[in-house]
>>> print(open('data-v7.tsv').read())   # TSV, C-alpha atoms
chain	number	residue	atom	x	y	z
A	1	MET	CA	0.00	0.00	0.00
A	2	THR	CA	1.34	3.48	-0.89
A	3	ASN	CA	1.41	6.44	1.42
A	4	PRO	CA	-1.18	9.02	0.20
A	5	THR	CA	0.75	11.93	1.76
A	6	ARG	CA	3.84	11.14	-0.25
A	7	ILE	CA	4.18	12.95	-3.58
A	8	SER	CA	5.72	11.01	-6.43
A	9	ALA	CA	8.59	12.45	-8.45
A	10	ALA	CA	6.38	12.58	-11.54
A	11	ALA	CA	3.69	14.53	-9.69
A	12	LEU	CA	6.28	16.92	-8.30
A	13	CYS	CA	7.72	17.43	-11.77
A	14	GLY	CA	4.22	18.05	-13.11
A	15	LEU	CA	3.59	20.66	-10.43
A	16	ALA	CA	6.88	22.40	-11.28
A	17	VAL	CA	6.01	22.50	-14.99
A	18	ALA	CA	2.52	23.83	-14.24
A	19	ALA	CA	3.95	26.54	-11.99
A	20	ALA	CA	6.50	27.52	-14.63
A	21	LEU	CA	3.84	27.72	-17.34
A	22	SER	CA	1.59	29.75	-15.06
A	23	SER	CA	4.41	32.19	-14.29
A	24	ALA	CA	5.32	32.47	-17.96
A	25	ALA	CA	1.70	33.19	-18.88
A	26	ALA	CA	1.42	35.85	-16.18
A	27	PHE	CA	4.69	37.43	-17.33
A	28	ALA	CA	3.52	37.45	-20.95
A	29	GLN	CA	0.30	39.28	-19.95
A	30	GLN	CA	2.15	42.08	-18.16
A	31	LYS	CA	2.22	45.36	-19.99
A	32	PRO	CA	5.72	46.42	-20.97
A	33	MET	CA	7.23	49.17	-18.86
A	34	PRO	CA	7.37	52.53	-20.63
A	35	PRO	CA	10.87	53.68	-21.46
A	36	ALA	CA	12.69	55.30	-18.58
A	37	ASP	CA	12.83	59.10	-18.52
A	38	ALA	CA	16.24	60.46	-17.49
A	39	ASP	CA	14.85	64.02	-17.18
A	40	ARG	CA	12.24	62.86	-14.68
A	41	GLY	CA	14.96	60.77	-13.03
A	42	LYS	CA	17.04	63.91	-12.53
A	43	GLN	CA	14.14	65.60	-10.76
A	44	LEU	CA	13.58	62.52	-8.56
A	45	PHE	CA	17.33	62.28	-7.83
A	46	TYR	CA	17.11	65.75	-6.28
A	47	GLU	CA	13.69	65.32	-4.66
A	48	HIS	CA	14.82	62.17	-2.85
A	49	GLY	CA	18.10	63.79	-1.78
A	50	CYS	CA	20.33	61.31	-3.62
A	51	TYR	CA	22.81	64.11	-4.35
A	52	GLY	CA	23.48	64.41	-0.62
A	53	CYS	CA	25.66	61.31	-0.68
A	54	HIS	CA	26.27	60.75	-4.38
A	55	GLY	CA	27.01	64.32	-5.43
A	56	PHE	CA	25.39	66.20	-8.26
A	57	ASN	CA	27.26	64.24	-10.91
A	58	GLY	CA	27.66	60.86	-9.23
A	59	GLU	CA	31.39	61.25	-8.61
A	60	THR	CA	31.75	63.99	-6.04
A	61	GLY	CA	29.84	62.56	-3.13
A	62	VAL	CA	30.57	60.12	-0.34
A	63	ARG	CA	29.48	57.16	-2.49
A	64	ASP	CA	30.51	57.32	-6.15
A	65	LEU	CA	28.06	56.09	-8.77
A	66	VAL	CA	30.30	56.29	-11.83
A	67	GLY	CA	33.58	54.62	-12.52
A	68	THR	CA	33.14	52.01	-9.82
A	69	GLY	CA	32.32	49.03	-12.03
A	70	SER	CA	29.53	48.10	-9.61
A	71	PRO	CA	26.91	45.92	-11.28
A	72	ILE	CA	24.25	47.73	-9.23
A	73	VAL	CA	24.66	50.86	-11.35
A	74	GLU	CA	25.16	48.89	-14.56
A	75	ASN	CA	21.94	46.84	-14.52
A	76	VAL	CA	18.49	48.29	-13.87
A	77	ASP	CA	17.14	45.07	-12.36
A	78	LEU	CA	20.03	44.87	-9.88
A	79	PHE	CA	19.54	48.55	-9.06
A	80	LEU	CA	15.87	48.01	-8.32
A	81	THR	CA	16.60	44.87	-6.31
A	82	PHE	CA	19.20	46.76	-4.26
A	83	LEU	CA	16.70	49.50	-3.44
A	84	ARG	CA	14.01	47.02	-2.46
A	85	LEU	CA	16.17	44.60	-0.46
A	86	ARG	CA	17.19	47.32	1.96
A	87	ALA	CA	13.90	46.94	3.81
A	88	ASP	CA	15.81	46.50	7.07
A	89	GLN	CA	17.48	49.87	6.59
A	90	ALA	CA	15.44	52.78	7.86
A	91	PRO	CA	17.97	55.11	9.45
A	92	LEU	CA	16.88	58.20	11.27
A	93	LEU	CA	18.19	61.42	9.79
A	94	PRO	CA	20.94	62.45	9.81
A	95	SER	CA	22.60	59.22	8.84
A	96	THR	CA	25.43	57.94	6.71
A	97	ARG	CA	23.42	54.88	5.71
A	98	MET	CA	21.34	54.77	2.57
A	99	PRO	CA	17.63	54.66	3.36
A	100	ASN	CA	15.34	51.96	2.10
A	101	TYR	CA	13.03	52.56	-0.84
A	102	PRO	CA	10.03	50.25	-0.77
A	103	ALA	CA	7.64	50.40	-3.71
A	104	SER	CA	5.29	52.47	-1.56
A	105	ALA	CA	7.92	55.23	-1.33
A	106	LEU	CA	9.41	54.96	-4.83
A	107	SER	CA	7.60	53.20	-7.66
A	108	ASP	CA	9.40	50.87	-10.05
A	109	ALA	CA	8.89	53.40	-12.85
A	110	ALA	CA	10.39	56.20	-10.73
A	111	ALA	CA	13.35	54.02	-9.73
A	112	ARG	CA	13.93	53.19	-13.41
A	113	ASP	CA	13.86	56.91	-14.22
A	114	ILE	CA	16.49	57.58	-11.54
A	115	PHE	CA	18.57	54.73	-12.96
A	116	ALA	CA	18.28	56.26	-16.44
A	117	TYR	CA	19.52	59.57	-15.05
A	118	ILE	CA	22.43	57.91	-13.24
A	119	ARG	CA	23.41	56.23	-16.51
A	120	THR	CA	23.92	59.71	-18.03
A	121	PHE	CA	26.72	60.46	-15.58
A	122	GLU	CA	30.23	60.50	-17.02
A	123	LEU	CA	33.58	60.53	-15.30
A	124	ASP	CA	35.16	63.92	-15.79
A	125	ALA	CA	37.28	64.42	-12.69
A	126	PRO	CA	40.81	65.53	-13.53
A	127	ALA	CA	43.76	63.28	-12.83
A	128	VAL	CA	45.67	64.04	-9.62
A	129	ASP	CA	48.71	65.07	-11.67
A	130	ASP	CA	46.61	67.71	-13.43
A	131	VAL	CA	45.86	69.53	-10.15
A	132	PRO	CA	49.18	70.82	-8.75
A	133	ALA	CA	47.87	71.60	-5.24
A	134	LEU	CA	46.27	68.16	-4.93
A	135	LYS	CA	49.40	66.47	-6.28
A	136	ALA	CA	51.49	68.26	-3.65
A	137	ILE	CA	49.13	67.08	-0.89
A	138	VAL	CA	49.16	63.49	-2.13
A	139	ASP	CA	52.95	63.49	-2.51
A	140	SER	CA	53.36	64.97	0.96
A	141	ALA	CA	51.10	62.32	2.47
A	142	ALA	CA	53.10	59.57	0.77
A	143	ARG	CA	56.39	60.60	2.42
A	144	PRO	CA	57.29	59.00	5.75
A	145	TYR	CA	56.31	61.02	8.79
A	146	ARG	CA	59.23	62.67	10.57
A	147	PRO	CA	58.53	64.56	13.80
>>> encode(input="data-v7.tsv", output="structure tokens")
Amino acid sequence: MTNPTRISAAALCGLAVAAALSSAAAFAQQKPMPPADADRGKQLFYEHGCYGCHGFNGETGVRDLVGTGSPIVENVDLFLTFLRLRADQAPLLPSTRMPNYPASALSDAAARDIFAYIRTFELDAPAVDDVPALKAIVDSAARPYRP
């Protein structure tokens, strides 16, 4: 006699296929997202205070957004996932930690617009050797300390 609470491998496989087909059908019925709007993203970047840590051009703040090679700022889905998975982060202001952005605070479309704006940033900081005062500071810091 077989155990009725035990699921056979074939039944389990059938359930997996049915779930996959159901998910695929639901995905196919979703309306495509409208193209992201970098101009709106710029406005949202300022409204949400992103410039406070990331600077006005993504390279002058505490946390750089350009030139880092981070996949979070290279892929919109990773960017959105990063914003959403910070649900445990809700620092009180002022804070040096990035706040969380649940969908109730920032829609997917708005987050995609911000991402589109971030993708317009370009590295344009001068090299250290091109700024004599900065080069002198860096060279001075590199020398051994002598009291």
>>> atom_distance(input="data-v7.tsv", atom1="atom CA of A:Ala141", atom2="atom CA of A:Val62")
20.8 Å
>>> atom_distance(input="data-v7.tsv", atom1="atom CA of A:Ala36", atom2="atom CA of A:Asp113")
4.8 Å
>>> atom_distance(input="data-v7.tsv", atom1="atom CA of A:Tyr117", atom2="atom CA of A:Phe45")
8.0 Å
>>> residues_around(input="data-v7.tsv", residues="A:Gly52", least_positions_apart="4", cutoff="10 Å", atoms="all atoms listed in the file", output="PyMOL selection string")
chain A and resi 45-46+48+56+60-63+96
>>> residues_around(input="data-v7.tsv", residues="A:Leu44", least_positions_apart="5", cutoff="9 Å", atoms="only C-alpha atoms", output="list of chain:residue names")
A:Asp39, A:Gly49, A:Cys50, A:Ala110, A:Ala111, A:Asp113, A:Ile114
